[in-house]
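Undergrad: My structure is in data_38.cif, and what it holds is mmCIF, C-alpha atoms and all ligand atoms:
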data_structure
loop_
_atom_site.label_atom_id
_atom_site.label_comp_id
_atom_site.auth_asym_id
_atom_site.auth_seq_id
_atom_site.Cartn_x
_atom_site.Cartn_y
_atom_site.Cartn_z
CA MET A 1 6.14 17.44 -16.78
CA ARG A 2 3.64 14.57 -16.77
CA VAL A 3 4.86 11.38 -15.13
CA LEU A 4 3.56 7.90 -15.85
CA VAL A 5 4.03 5.68 -12.79
CA THR A 6 3.44 1.98 -13.41
CA GLY A 7 2.61 -0.10 -10.34
CA VAL A 8 1.21 3.08 -8.82
CA ALA A 9 -0.98 1.30 -6.27
CA GLY A 10 1.95 -0.52 -4.70
CA PHE A 11 4.21 0.40 -1.81
CA LEU A 12 6.77 2.42 -3.76
CA GLY A 13 4.42 3.57 -6.53
CA SER A 14 1.82 5.19 -4.29
CA SER A 15 4.51 6.86 -2.15
CA LEU A 16 6.26 8.23 -5.25
CA ALA A 17 3.00 9.45 -6.79
CA GLU A 18 2.06 11.34 -3.63
CA THR A 19 5.45 13.05 -3.48
CA LEU A 20 5.26 14.02 -7.17
CA ARG A 21 1.79 15.47 -6.61
CA ALA A 22 3.02 17.41 -3.58
CA GLN A 23 5.53 18.99 -5.97
CA GLY A 24 2.70 19.97 -8.32
CA ILE A 25 3.64 17.41 -10.96
CA GLU A 26 0.84 15.73 -12.93
CA VAL A 27 0.76 11.95 -12.47
CA ARG A 28 -0.79 9.24 -14.59
CA GLY A 29 -0.83 5.97 -12.69
CA VAL A 30 -1.23 2.49 -14.07
CA ASP A 31 -1.89 -0.63 -12.02
CA ALA A 32 -3.52 -4.03 -12.48
CA PHE A 33 -4.14 -4.63 -8.73
CA THR A 34 -2.49 -8.03 -8.99
CA PRO A 35 -3.11 -10.46 -6.10
CA ASN A 36 0.48 -10.77 -4.79
CA TYR A 37 -1.16 -9.28 -1.66
CA ASP A 38 -4.67 -8.09 -0.89
CA PRO A 39 -5.68 -5.63 -3.65
CA ALA A 40 -7.77 -3.80 -1.01
CA ARG A 41 -4.47 -2.63 0.51
CA LYS A 42 -3.43 -1.26 -2.87
CA ARG A 43 -6.75 0.59 -3.20
CA ALA A 44 -6.20 2.01 0.29
CA ASN A 45 -2.73 3.20 -0.80
CA LEU A 46 -4.46 5.32 -3.46
CA SER A 47 -7.21 6.78 -1.29
CA ARG A 48 -5.67 10.24 -1.07
CA LEU A 49 -4.52 10.32 -4.70
CA LEU A 50 -7.94 9.40 -6.06
CA ARG A 51 -9.38 12.60 -4.60
CA ASP A 52 -6.73 14.68 -6.38
CA PRO A 53 -7.62 16.04 -9.85
CA GLY A 54 -3.93 16.10 -10.80
CA PHE A 55 -3.83 12.30 -10.54
CA GLN A 56 -5.30 9.95 -13.09
CA LEU A 57 -5.58 6.17 -12.64
CA GLU A 58 -5.75 3.63 -15.43
CA GLU A 59 -6.55 0.08 -14.34
CA VAL A 60 -4.75 -2.00 -16.89
CA ASP A 61 -2.62 -5.12 -17.03
CA LEU A 62 0.62 -4.23 -18.79
CA ARG A 63 1.05 -7.84 -19.95
CA ILE A 64 -1.79 -7.28 -22.41
CA ALA A 65 -2.45 -3.53 -22.66
CA PRO A 66 -2.30 -2.23 -26.26
CA PRO A 67 1.07 -0.44 -26.43
CA GLY A 68 -0.40 2.80 -27.81
CA SER A 69 -2.76 3.20 -24.86
CA VAL A 70 -0.28 3.15 -22.00
CA LEU A 71 1.74 6.34 -22.20
CA GLY A 72 -1.14 8.82 -22.27
CA GLY A 73 1.02 11.82 -23.08
CA ALA A 74 3.61 11.22 -20.38
CA THR A 75 6.90 13.11 -20.66
CA HIS A 76 8.59 10.94 -18.00
CA VAL A 77 8.07 7.31 -16.98
CA VAL A 78 8.80 5.42 -13.76
CA HIS A 79 8.32 1.70 -14.25
CA LEU A 80 7.72 0.02 -10.90
CA ALA A 81 5.07 -2.56 -11.87
CA ALA A 82 6.43 -6.03 -11.20
CA LEU A 83 5.93 -9.16 -9.20
CA PRO A 84 8.30 -8.56 -6.26
CA GLY A 85 9.66 -10.92 -3.60
CA VAL A 86 12.47 -13.45 -3.70
CA ARG A 87 11.06 -16.48 -1.90
CA PRO A 88 7.96 -17.23 -4.01
CA SER A 89 9.86 -16.92 -7.29
CA TRP A 90 10.96 -20.58 -7.41
CA GLY A 91 8.96 -23.34 -9.08
CA GLU A 92 5.84 -22.90 -11.15
CA SER A 93 5.38 -19.25 -10.21
CA PHE A 94 8.42 -18.32 -12.26
CA ARG A 95 6.19 -18.03 -15.33
CA ALA A 96 4.30 -15.19 -13.63
CA TYR A 97 7.59 -13.53 -12.61
CA ALA A 98 8.88 -13.75 -16.16
CA GLU A 99 5.68 -12.21 -17.52
CA HIS A 100 5.18 -9.42 -14.99
CA ASN A 101 8.83 -8.48 -14.80
CA ILE A 102 10.50 -9.25 -18.13
CA LEU A 103 7.69 -9.26 -20.70
CA VAL A 104 5.99 -6.21 -19.22
CA THR A 105 9.24 -4.22 -19.23
CA GLN A 106 9.90 -5.12 -22.86
CA ARG A 107 6.35 -4.13 -23.87
CA LEU A 108 6.60 -0.81 -22.03
CA LEU A 109 9.99 0.10 -23.50
CA GLU A 110 8.73 -0.87 -26.95
CA ALA A 111 5.69 1.39 -26.52
CA ILE A 112 7.84 4.49 -25.98
CA PRO A 113 8.17 6.41 -29.24
CA ARG A 114 11.58 7.31 -30.66
CA GLY A 115 12.57 10.92 -30.34
CA ARG A 116 12.45 12.98 -27.20
CA ALA A 117 8.70 13.09 -26.44
CA VAL A 118 9.57 10.96 -23.41
CA GLU A 119 12.53 12.60 -21.70
CA ARG A 120 13.40 9.91 -19.14
CA VAL A 121 12.44 6.35 -18.22
CA VAL A 122 13.40 5.09 -14.75
CA VAL A 123 13.07 1.35 -14.24
CA ALA A 124 13.01 -0.48 -10.89
CA SER A 125 15.76 -3.03 -10.42
CA SER A 126 16.91 -4.59 -7.19
CA SER A 127 19.91 -5.41 -5.03
CA SER A 128 18.95 -9.04 -5.67
CA ILE A 129 20.76 -8.92 -9.02
CA TYR A 130 24.03 -9.13 -7.04
CA GLY A 131 23.22 -12.50 -5.44
CA ALA A 132 26.12 -13.27 -3.10
CA PRO A 133 28.45 -10.37 -4.03
CA THR A 134 32.21 -10.58 -3.64
CA ARG A 135 32.43 -6.98 -2.37
CA LEU A 136 30.53 -5.29 0.47
CA PRO A 137 29.51 -2.48 0.10
CA THR A 138 28.82 -3.54 -3.48
CA PRO A 139 29.54 -1.14 -6.33
CA GLU A 140 27.56 -1.17 -9.56
CA ASP A 141 30.38 -2.82 -11.53
CA GLU A 142 30.18 -6.03 -9.46
CA LEU A 143 29.48 -8.98 -11.76
CA PRO A 144 25.73 -9.54 -11.29
CA ARG A 145 25.05 -13.16 -10.37
CA PRO A 146 21.55 -13.43 -8.90
CA ILE A 147 20.81 -16.40 -6.65
CA SER A 148 17.03 -16.29 -7.03
CA PRO A 149 14.72 -16.53 -10.02
CA TYR A 150 13.31 -13.11 -9.02
CA GLY A 151 16.84 -11.66 -9.20
CA VAL A 152 17.21 -13.20 -12.65
CA THR A 153 14.08 -11.40 -13.86
CA LYS A 154 15.40 -8.10 -12.50
CA LEU A 155 18.73 -8.65 -14.25
CA ALA A 156 16.81 -9.29 -17.48
CA THR A 157 14.89 -6.07 -16.87
CA GLU A 158 18.18 -4.20 -16.64
CA ALA A 159 19.47 -5.89 -19.77
CA LEU A 160 16.38 -4.65 -21.63
CA VAL A 161 16.99 -1.12 -20.35
CA HIS A 162 20.55 -1.33 -21.64
CA ALA A 163 19.47 -2.66 -25.05
CA TYR A 164 16.85 0.05 -25.60
CA ARG A 165 19.22 2.72 -24.36
CA HIS A 166 22.00 1.55 -26.64
CA GLU A 167 20.11 0.78 -29.85
CA ARG A 168 16.99 2.95 -29.60
CA PHE A 169 18.67 5.85 -27.75
CA LEU A 170 15.97 5.61 -25.10
CA PRO A 171 16.90 7.84 -22.15
CA ALA A 172 16.42 4.98 -19.69
CA VAL A 173 18.12 4.10 -16.41
CA SER A 174 17.76 1.35 -13.79
CA LEU A 175 17.69 1.90 -10.04
CA ARG A 176 18.82 -0.98 -7.84
CA TYR A 177 16.74 -0.50 -4.70
CA PHE A 178 18.00 -2.16 -1.50
CA THR A 179 15.25 -3.46 0.86
CA VAL A 180 12.84 -0.55 1.17
CA TYR A 181 10.77 -0.05 4.33
CA GLY A 182 8.42 2.46 5.91
CA PRO A 183 4.67 3.14 5.81
CA ARG A 184 2.83 0.95 3.24
CA GLN A 185 5.58 -1.64 3.15
CA ARG A 186 4.26 -4.82 1.50
CA PRO A 187 2.79 -7.29 3.99
CA ASP A 188 5.12 -10.08 2.79
CA MET A 189 8.24 -8.07 3.68
CA GLY A 190 10.23 -8.68 6.85
CA PHE A 191 9.61 -5.53 8.89
CA HIS A 192 5.89 -5.65 8.16
CA ARG A 193 5.65 -9.29 9.23
CA PHE A 194 7.71 -8.62 12.37
CA PHE A 195 5.59 -5.66 13.51
CA GLU A 196 2.38 -7.62 12.79
CA ALA A 197 3.61 -10.54 14.90
CA ALA A 198 4.63 -8.12 17.68
CA ARG A 199 1.18 -6.51 17.56
CA ARG A 200 -0.46 -9.90 18.05
CA GLY A 201 2.05 -10.88 20.72
CA GLU A 202 3.25 -13.81 18.61
CA PRO A 203 6.87 -14.87 18.02
CA VAL A 204 8.36 -13.73 14.72
CA THR A 205 9.69 -16.25 12.25
CA VAL A 206 13.34 -15.50 11.39
CA TYR A 207 14.89 -17.32 8.46
CA GLY A 208 18.35 -18.41 9.59
CA ASP A 209 20.31 -17.24 12.64
CA GLY A 210 19.32 -13.58 12.35
CA ARG A 211 22.93 -12.52 11.82
CA GLN A 212 22.35 -11.85 8.12
CA THR A 213 22.69 -8.16 7.30
CA ARG A 214 20.74 -5.89 4.99
CA ASP A 215 21.11 -2.36 3.75
CA PHE A 216 17.69 -0.92 4.57
CA THR A 217 16.33 2.07 2.67
CA TYR A 218 13.61 4.32 4.00
CA VAL A 219 10.84 4.81 1.47
CA ASP A 220 11.18 8.62 1.27
CA ASP A 221 14.88 8.23 0.46
CA ALA A 222 14.07 5.74 -2.31
CA VAL A 223 11.45 8.18 -3.64
CA SER A 224 13.91 11.11 -3.62
CA ALA A 225 16.46 9.09 -5.58
CA THR A 226 13.77 8.12 -8.09
CA ILE A 227 12.70 11.72 -8.66
CA ALA A 228 16.35 12.77 -9.05
CA ALA A 229 16.81 10.02 -11.65
CA LEU A 230 13.85 11.46 -13.57
CA THR A 231 15.26 14.93 -13.80
CA ARG A 232 19.07 14.94 -13.54
CA PRO A 233 21.55 13.83 -16.21
CA VAL A 234 22.30 10.12 -15.73
CA PRO A 235 25.54 9.06 -17.38
CA GLU A 236 25.39 5.55 -15.86
CA VAL A 237 22.98 2.81 -16.94
CA ALA A 238 22.24 1.70 -13.35
CA TYR A 239 22.55 3.13 -9.83
CA ASN A 240 22.45 1.59 -6.37
CA VAL A 241 19.84 3.11 -4.07
CA GLY A 242 20.56 1.97 -0.52
CA GLY A 243 19.91 3.72 2.76
CA GLY A 244 23.33 3.02 4.25
CA ASN A 245 21.69 1.40 7.29
CA ARG A 246 23.42 -1.96 7.11
CA VAL A 247 22.45 -3.90 10.20
CA SER A 248 21.71 -7.49 11.17
CA LEU A 249 18.19 -8.78 11.50
CA ASN A 250 18.83 -9.42 15.19
CA GLU A 251 19.71 -5.75 15.70
CA VAL A 252 16.56 -4.73 13.83
CA LEU A 253 14.46 -6.92 16.11
CA ASP A 254 16.12 -5.43 19.19
CA THR A 255 15.27 -1.93 17.93
CA MET A 256 11.71 -3.00 17.12
CA GLY A 257 11.38 -4.38 20.64
CA ARG A 258 12.32 -0.96 22.04
CA ILE A 259 9.75 0.69 19.75
CA VAL A 260 6.84 -1.63 20.60
CA GLY A 261 7.78 -1.58 24.28
CA ARG A 262 8.57 -5.27 24.83
CA PRO A 263 11.18 -7.72 23.54
CA ILE A 264 10.22 -9.54 20.36
CA GLU A 265 10.27 -13.32 20.66
CA ARG A 266 11.98 -15.09 17.75
CA LYS A 267 11.44 -18.47 16.18
CA HIS A 268 14.39 -19.39 13.99
CA VAL A 269 13.75 -21.57 10.94
CA GLU A 270 15.95 -22.71 8.05
CA PRO A 271 17.38 -19.97 5.79
CA GLN A 272 15.40 -19.65 2.57
CA PRO A 273 16.91 -20.41 -0.83
CA GLY A 274 17.61 -17.22 -2.77
CA ASP A 275 18.00 -15.00 0.31
CA PRO A 276 21.46 -13.42 0.22
CA ARG A 277 23.45 -13.52 3.44
CA ASP A 278 24.37 -9.82 3.29
CA THR A 279 23.57 -6.78 1.23
CA ALA A 280 25.26 -3.39 1.33
CA SER A 281 25.15 -0.68 -1.28
CA ASP A 282 28.04 1.41 -2.46
CA THR A 283 26.15 4.63 -3.28
CA ARG A 284 29.01 6.77 -4.54
CA LEU A 285 27.56 6.97 -8.06
CA ALA A 286 24.08 7.90 -6.80
CA ARG A 287 25.60 10.55 -4.55
CA ARG A 288 27.63 11.97 -7.43
CA ASP A 289 24.94 12.00 -10.15
CA LEU A 290 21.61 11.97 -8.30
CA GLY A 291 22.68 14.02 -5.28
CA PHE A 292 21.46 11.02 -3.26
CA GLU A 293 21.69 11.62 0.46
CA PRO A 294 19.69 9.18 2.61
CA ARG A 295 18.13 11.18 5.42
CA THR A 296 16.22 8.74 7.58
CA ALA A 297 18.00 6.72 10.25
CA LEU A 298 16.75 3.19 10.83
CA GLU A 299 15.15 3.72 14.23
CA GLU A 300 13.28 6.82 13.06
CA GLY A 301 12.05 5.02 9.93
CA LEU A 302 10.98 1.99 11.95
CA ARG A 303 8.98 4.23 14.28
CA LYS A 304 7.14 5.70 11.31
CA GLN A 305 6.37 2.24 9.95
CA TRP A 306 5.12 1.07 13.36
CA GLU A 307 2.85 4.14 13.62
CA TRP A 308 1.39 3.33 10.23
CA GLN A 309 0.86 -0.35 11.04
CA ARG A 310 -0.99 0.60 14.21
CA ASN A 311 -3.09 3.29 12.48
CA PRO A 312 -3.08 2.60 8.74
N1 LIG B 1 10.10 -2.90 -1.89
C1 LIG B 1 11.39 -3.17 -2.00
O1 LIG B 1 12.11 -3.31 -1.02
C2 LIG B 1 12.01 -3.31 -3.37
C3 LIG B 1 13.39 -3.61 -3.44
C4 LIG B 1 13.97 -3.74 -4.70
C5 LIG B 1 13.21 -3.57 -5.84
N2 LIG B 1 11.88 -3.31 -5.74
C6 LIG B 1 11.10 -3.14 -6.97
O2 LIG B 1 10.34 -1.93 -6.87
C7 LIG B 1 9.10 -2.09 -7.55
C8 LIG B 1 7.95 -1.77 -6.61
O3 LIG B 1 7.96 -2.69 -5.51
P1 LIG B 1 6.88 -2.64 -4.35
O4 LIG B 1 7.53 -3.15 -3.12
O5 LIG B 1 6.24 -1.30 -4.35
O6 LIG B 1 5.84 -3.75 -4.85
P2 LIG B 1 4.24 -3.74 -4.89
O7 LIG B 1 3.81 -5.15 -5.15
O8 LIG B 1 3.70 -3.06 -3.67
O9 LIG B 1 3.91 -2.84 -6.16
C9 LIG B 1 3.96 -3.32 -7.49
C10 LIG B 1 2.66 -2.93 -8.19
O10 LIG B 1 2.73 -3.34 -9.55
C11 LIG B 1 1.45 -3.77 -9.96
N3 LIG B 1 1.61 -4.67 -11.12
C12 LIG B 1 2.28 -5.86 -11.15
N4 LIG B 1 2.18 -6.43 -12.36
C13 LIG B 1 1.46 -5.56 -13.13
C14 LIG B 1 1.03 -5.58 -14.50
N5 LIG B 1 1.27 -6.63 -15.30
N6 LIG B 1 0.33 -4.50 -14.98
C15 LIG B 1 0.05 -3.44 -14.16
N7 LIG B 1 0.41 -3.39 -12.86
C16 LIG B 1 1.12 -4.43 -12.35
C17 LIG B 1 0.89 -4.48 -8.73
O11 LIG B 1 -0.53 -4.55 -8.74
C18 LIG B 1 1.42 -3.62 -7.59
O12 LIG B 1 0.48 -2.65 -7.16
C19 LIG B 1 9.10 -3.51 -8.10
O13 LIG B 1 9.57 -3.46 -9.42
C20 LIG B 1 10.09 -4.24 -7.21
O14 LIG B 1 10.64 -5.35 -7.86
C21 LIG B 1 11.26 -3.17 -4.53
#
Could I get this file's structure written as structure tokens?
Ligand SMILES: NC(=O)c1ccc[n+]([C@@H]2O[C@H](COP(=O)([O-])OP(=O)(O)OC[C@H]3O[C@@H](n4cnc5c(N)ncnc54)[C@H](O)[C@@H]3O)[C@@H](O)[C@H]2O)c1

TA:
Amino acid sequence: MRVLVTGVAGFLGSSLAETLRAQGIEVRGVDAFTPNYDPARKRANLSRLLRDPGFQLEEVDLRIAPPGSVLGGATHVVHLAALPGVRPSWGESFRAYAEHNILVTQRLLEAIPRGRAVERVVVASSSSIYGAPTRLPTPEDELPRPISPYGVTKLATEALVHAYRHERFLPAVSLRYFTVYGPRQRPDMGFHRFFEAARRGEPVTVYGDGRQTRDFTYVDDAVSATIAALTRPVPEVAYNVGGGNRVSLNEVLDTMGRIVGRPIERKHVEPQPGDPRDTASDTRLARRDLGFEPRTALEEGLRKQWEWQRNP
């Protein structure tokens, strides 16, 4: 088994690659070190992997890489490279979202040869494809109606997976991750921003009244689901991957206050366009087919993230 991980220097990619290596699996990583946040952080994410002979890094931008050069003999592919984040996806930056998320996925899927040389392709999707869902917890057959341009690009990604699966018989599947957190979380994400503000003794900026809820997923649980999707039979075209920790932002901040040892001061500002009010994953399909069993409770996961932010 030789796994190609795209976006390997990112939050999820580097965590996945380390777990695969710990299982003795060869990993080929691809990343362009895009500037959505400081590329030095991404290099730091790879520091352990780069000393490991079973890991190989290719610095390449998948928007322009020659298709034949990307796979490098991989038997399995996890496609995580993308421009993430809901809020910056409006306006002029949509062009970049469309390129990094839609075009790159199409080029990667196109580069995979027919036949069974590549046994499985797992592609990162997102809970944001659901927009403002009618059902909570939300099952996979909810009509996807994203409310952000980012969500639209992820829905297009999934549509490409479906098309290549249907017409090219590509063994591909999408995973709809719900807000992932833990060590290496991206600096633009909520928990990371909150802990940073707490560290500096500054108030945290909360979009809206803080009563919005999210289904938070600890990074190791997201990684386990991803590895299961690489190796187990996957009859469905897409699976929810959510930690089952659905709580309000206010509750999260209370827990964080306990962890950092003092209450966290909040500054409430207007809700942001594209942010759903609530997310909650129905994970019955992932439990059935991927054996998905989230193991990390929110407080425990938050403690691990806080430890990492204090001593990266
Ligand atoms: N973190 C979450 O909570 C979450 C939730 C839902 C979905 N996702 C999806 O999971 C994936 C990973 O997210 P993350 O939080 O680790 O983000 P991240 O930004 O930390 O990692 C993405 C990586 O992809 C690389 N990349 C982007 N465009 C590229 C290109 N054209 N060529 C090569 N490399 C490129 C970036 O340099 C980056 O290192 C993304 O597809 C994201 O949309 C993440």

Undergrad: Residues of chain A that have any atom at most 8 Å from an atom of ligand LIG 1 (chain B): could you tabulate them with the shortest-distance atom pair and the distance in Å to one decimal, using all atoms listed in the file, ordered by chain and increasing number, as a tab-separated table?

TA:
residue	atom	partner	partner_atom	distance
A:Thr6	CA	B:LIG1	N7	6.2
A:Gly7	CA	B:LIG1	O10	3.3
A:Val8	CA	B:LIG1	O12	6.0
A:Ala9	CA	B:LIG1	O12	4.3
A:Gly10	CA	B:LIG1	O8	3.3
A:Phe11	CA	B:LIG1	O5	3.7
A:Leu12	CA	B:LIG1	O5	3.8
A:Gly13	CA	B:LIG1	O5	5.6
A:Ser14	CA	B:LIG1	O5	7.9
A:Val30	CA	B:LIG1	C15	6.1
A:Asp31	CA	B:LIG1	N7	3.7
A:Ala32	CA	B:LIG1	C15	4.0
A:Phe33	CA	B:LIG1	O11	3.6
A:Thr34	CA	B:LIG1	O11	4.0
A:Pro35	CA	B:LIG1	O11	7.0
A:Asn36	CA	B:LIG1	O7	6.5
A:Tyr37	CA	B:LIG1	O7	7.3
A:Pro39	CA	B:LIG1	O11	7.3
A:Lys42	CA	B:LIG1	O12	6.0
A:Glu59	CA	B:LIG1	C15	7.5
A:Val60	CA	B:LIG1	C15	5.7
A:Asp61	CA	B:LIG1	N6	3.6
A:Leu62	CA	B:LIG1	N6	3.8
A:Arg63	CA	B:LIG1	N5	4.8
A:Ile64	CA	B:LIG1	N5	7.8
A:His79	CA	B:LIG1	O13	7.2
A:Leu80	CA	B:LIG1	C7	4.2
A:Ala81	CA	B:LIG1	O10	3.4
A:Ala82	CA	B:LIG1	C12	4.2
A:Leu83	CA	B:LIG1	C12	5.3
A:Pro84	CA	B:LIG1	O14	4.3
A:Gly85	CA	B:LIG1	O14	7.1
A:Glu99	CA	B:LIG1	N5	7.5
A:His100	CA	B:LIG1	N5	4.8
A:Asn101	CA	B:LIG1	N4	7.4
A:Val104	CA	B:LIG1	N5	6.1
A:Val123	CA	B:LIG1	O13	7.7
A:Ala124	CA	B:LIG1	O13	4.8
A:Ser125	CA	B:LIG1	C5	5.3
A:Ser126	CA	B:LIG1	C4	3.9
A:Ser127	CA	B:LIG1	C4	6.2
A:Ser128	CA	B:LIG1	C4	7.3
A:Lys154	CA	B:LIG1	O14	7.2
A:Arg176	CA	B:LIG1	C4	6.4
A:Tyr177	CA	B:LIG1	C4	4.3
A:Phe178	CA	B:LIG1	C3	5.2
A:Thr179	CA	B:LIG1	O1	3.7
A:Val180	CA	B:LIG1	O1	3.6
A:Tyr181	CA	B:LIG1	O1	6.4
A:Gln185	CA	B:LIG1	O4	6.7
A:Arg186	CA	B:LIG1	O8	5.5
A:Met189	CA	B:LIG1	O1	7.7
A:Thr217	CA	B:LIG1	O1	7.8

Undergrad: Keeping C-alpha atoms, export the residues of the selection given above as a short mmCIF file (atom, residue, chain, number, x, y, z; two decimals), in the frame of the given file.

TA:
data_model
loop_
_atom_site.label_atom_id
_atom_site.label_comp_id
_atom_site.auth_asym_id
_atom_site.auth_seq_id
_atom_site.Cartn_x
_atom_site.Cartn_y
_atom_site.Cartn_z
CA THR A 6 3.44 1.98 -13.41
CA GLY A 7 2.61 -0.10 -10.34
CA VAL A 8 1.21 3.08 -8.82
CA ALA A 9 -0.98 1.30 -6.27
CA GLY A 10 1.95 -0.52 -4.70
CA PHE A 11 4.21 0.40 -1.81
CA LEU A 12 6.77 2.42 -3.76
CA GLY A 13 4.42 3.57 -6.53
CA SER A 14 1.82 5.19 -4.29
CA VAL A 30 -1.23 2.49 -14.07
CA ASP A 31 -1.89 -0.63 -12.02
CA ALA A 32 -3.52 -4.03 -12.48
CA PHE A 33 -4.14 -4.63 -8.73
CA THR A 34 -2.49 -8.03 -8.99
CA PRO A 35 -3.11 -10.46 -6.10
CA ASN A 36 0.48 -10.77 -4.79
CA TYR A 37 -1.16 -9.28 -1.66
CA PRO A 39 -5.68 -5.63 -3.65
CA LYS A 42 -3.43 -1.26 -2.87
CA GLU A 59 -6.55 0.08 -14.34
CA VAL A 60 -4.75 -2.00 -16.89
CA ASP A 61 -2.62 -5.12 -17.03
CA LEU A 62 0.62 -4.23 -18.79
CA ARG A 63 1.05 -7.84 -19.95
CA ILE A 64 -1.79 -7.28 -22.41
CA HIS A 79 8.32 1.70 -14.25
CA LEU A 80 7.72 0.02 -10.90
CA ALA A 81 5.07 -2.56 -11.87
CA ALA A 82 6.43 -6.03 -11.20
CA LEU A 83 5.93 -9.16 -9.20
CA PRO A 84 8.30 -8.56 -6.26
CA GLY A 85 9.66 -10.92 -3.60
CA GLU A 99 5.68 -12.21 -17.52
CA HIS A 100 5.18 -9.42 -14.99
CA ASN A 101 8.83 -8.48 -14.80
CA VAL A 104 5.99 -6.21 -19.22
CA VAL A 123 13.07 1.35 -14.24
CA ALA A 124 13.01 -0.48 -10.89
CA SER A 125 15.76 -3.03 -10.42
CA SER A 126 16.91 -4.59 -7.19
CA SER A 127 19.91 -5.41 -5.03
CA SER A 128 18.95 -9.04 -5.67
CA LYS A 154 15.40 -8.10 -12.50
CA ARG A 176 18.82 -0.98 -7.84
CA TYR A 177 16.74 -0.50 -4.70
CA PHE A 178 18.00 -2.16 -1.50
CA THR A 179 15.25 -3.46 0.86
CA VAL A 180 12.84 -0.55 1.17
CA TYR A 181 10.77 -0.05 4.33
CA GLN A 185 5.58 -1.64 3.15
CA ARG A 186 4.26 -4.82 1.50
CA MET A 189 8.24 -8.07 3.68
CA THR A 217 16.33 2.07 2.67
#

Undergrad: Residues of range 147-224 of chain A that have any atom at most 10 Å from an atom of range 230-242 of chain A: could you tabulate them with the shortest-distance atom pair and the distance in Å to one decimal, using all atoms listed in the file, ordered by chain and increasing number, as a Markdown table?

TA:
| residue | atom | partner | partner_atom | distance |
| --- | --- | --- | --- | --- |
| A:Glu158 | CA | A:Ala238 | CA | 7.9 |
| A:Ala159 | CA | A:Val237 | CA | 9.8 |
| A:Val161 | CA | A:Val237 | CA | 7.9 |
| A:His162 | CA | A:Val237 | CA | 6.7 |
| A:Arg165 | CA | A:Val237 | CA | 8.3 |
| A:His166 | CA | A:Val237 | CA | 9.8 |
| A:Pro171 | CA | A:Val234 | CA | 8.7 |
| A:Ala172 | CA | A:Val237 | CA | 7.4 |
| A:Val173 | CA | A:Val237 | CA | 5.1 |
| A:Ser174 | CA | A:Ala238 | CA | 4.5 |
| A:Leu175 | CA | A:Tyr239 | CA | 5.0 |
| A:Arg176 | CA | A:Asn240 | CA | 4.7 |
| A:Tyr177 | CA | A:Val241 | CA | 4.8 |
| A:Phe178 | CA | A:Gly242 | CA | 5.0 |
| A:Thr179 | CA | A:Gly242 | CA | 7.7 |
| A:Val180 | CA | A:Gly242 | CA | 8.3 |
| A:Arg214 | CA | A:Gly242 | CA | 9.6 |
| A:Asp215 | CA | A:Gly242 | CA | 6.1 |
| A:Phe216 | CA | A:Gly242 | CA | 6.5 |
| A:Thr217 | CA | A:Gly242 | CA | 5.3 |
| A:Tyr218 | CA | A:Gly242 | CA | 8.6 |
| A:Asp221 | CA | A:Val241 | CA | 8.4 |
| A:Ala222 | CA | A:Val241 | CA | 6.6 |
| A:Val223 | CA | A:Val241 | CA | 9.8 |
| A:Ser224 | CA | A:Leu230 | CA | 10.0 |

Undergrad: Looking at all atoms listed in the file, which of A:Leu109, A:Ala96, A:Met1, A:Ala198 is the one that sits closest to His76 in chain A?

TA: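 Counting all atoms listed in the file, the residue closest to His76 in chain A is A:Met1.
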
Undergrad: Take CA of Val219 in chain A and CA of Pro53 in chain A and report the distance between them in Å, one decimal.

TA: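 One can read the CA of Val219 in chain A to CA of Pro53 in chain A distance as 24.4 Å.
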
Undergrad: Using all atoms listed in the file, which protein or nucleic acid residues come within 9 Å of Pro263 in chain A? Drop anything in the same chain fewer than 3 positions from it, and give the result as a list in words.

TA: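 Those residues are Ala198, Leu253, Asp254, Met256, Gly257, Arg258 and Val260 of chain A.
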
Undergrad: Just give me the gap between CA of Pro273 in chain A and CA of Gly91 in chain A in Å, one decimal is fine.

TA: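 Going from CA of Pro273 in chain A over to CA of Gly91 in chain A covers 11.8 Å.
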
Undergrad: Quote the spacing between CA of Ile112 in chain A and CA of Val78 in chain A in Å to one decimal place.

TA: 12.3 Å

Undergrad: Give the answer as one residue: which of A:Gly291, A:Gly54, A:Gly190, A:Pro139 has the shortest atom-to-atom distance to Thr226 in chain A, using all atoms listed in the file?

TA: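 Of the candidates, the smallest distance to Thr226 in chain A is held by A:Gly291.
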
Undergrad: Show which residues sit within 12 Å of Arg303 in chain A, as an MDAnalysis selection string. Count only C-alpha atoms, and ignore same-chain residues fewer than 5 positions away.

TA: chainID A and resid 181:183 191 195 218 252 255:261 296:298 308:310

Undergrad: Keeping only C-alpha atoms, write the selected residues as a short mmCIF file (atom, residue, chain, number, x, y, z; two decimals), in the frame of the given file.

TA:
data_model
loop_
_atom_site.label_atom_id
_atom_site.label_comp_id
_atom_site.auth_asym_id
_atom_site.auth_seq_id
_atom_site.Cartn_x
_atom_site.Cartn_y
_atom_site.Cartn_z
CA TYR A 181 10.77 -0.05 4.33
CA GLY A 182 8.42 2.46 5.91
CA PRO A 183 4.67 3.14 5.81
CA PHE A 191 9.61 -5.53 8.89
CA PHE A 195 5.59 -5.66 13.51
CA TYR A 218 13.61 4.32 4.00
CA VAL A 252 16.56 -4.73 13.83
CA THR A 255 15.27 -1.93 17.93
CA MET A 256 11.71 -3.00 17.12
CA GLY A 257 11.38 -4.38 20.64
CA ARG A 258 12.32 -0.96 22.04
CA ILE A 259 9.75 0.69 19.75
CA VAL A 260 6.84 -1.63 20.60
CA GLY A 261 7.78 -1.58 24.28
CA THR A 296 16.22 8.74 7.58
CA ALA A 297 18.00 6.72 10.25
CA LEU A 298 16.75 3.19 10.83
CA TRP A 308 1.39 3.33 10.23
CA GLN A 309 0.86 -0.35 11.04
CA ARG A 310 -0.99 0.60 14.21
#
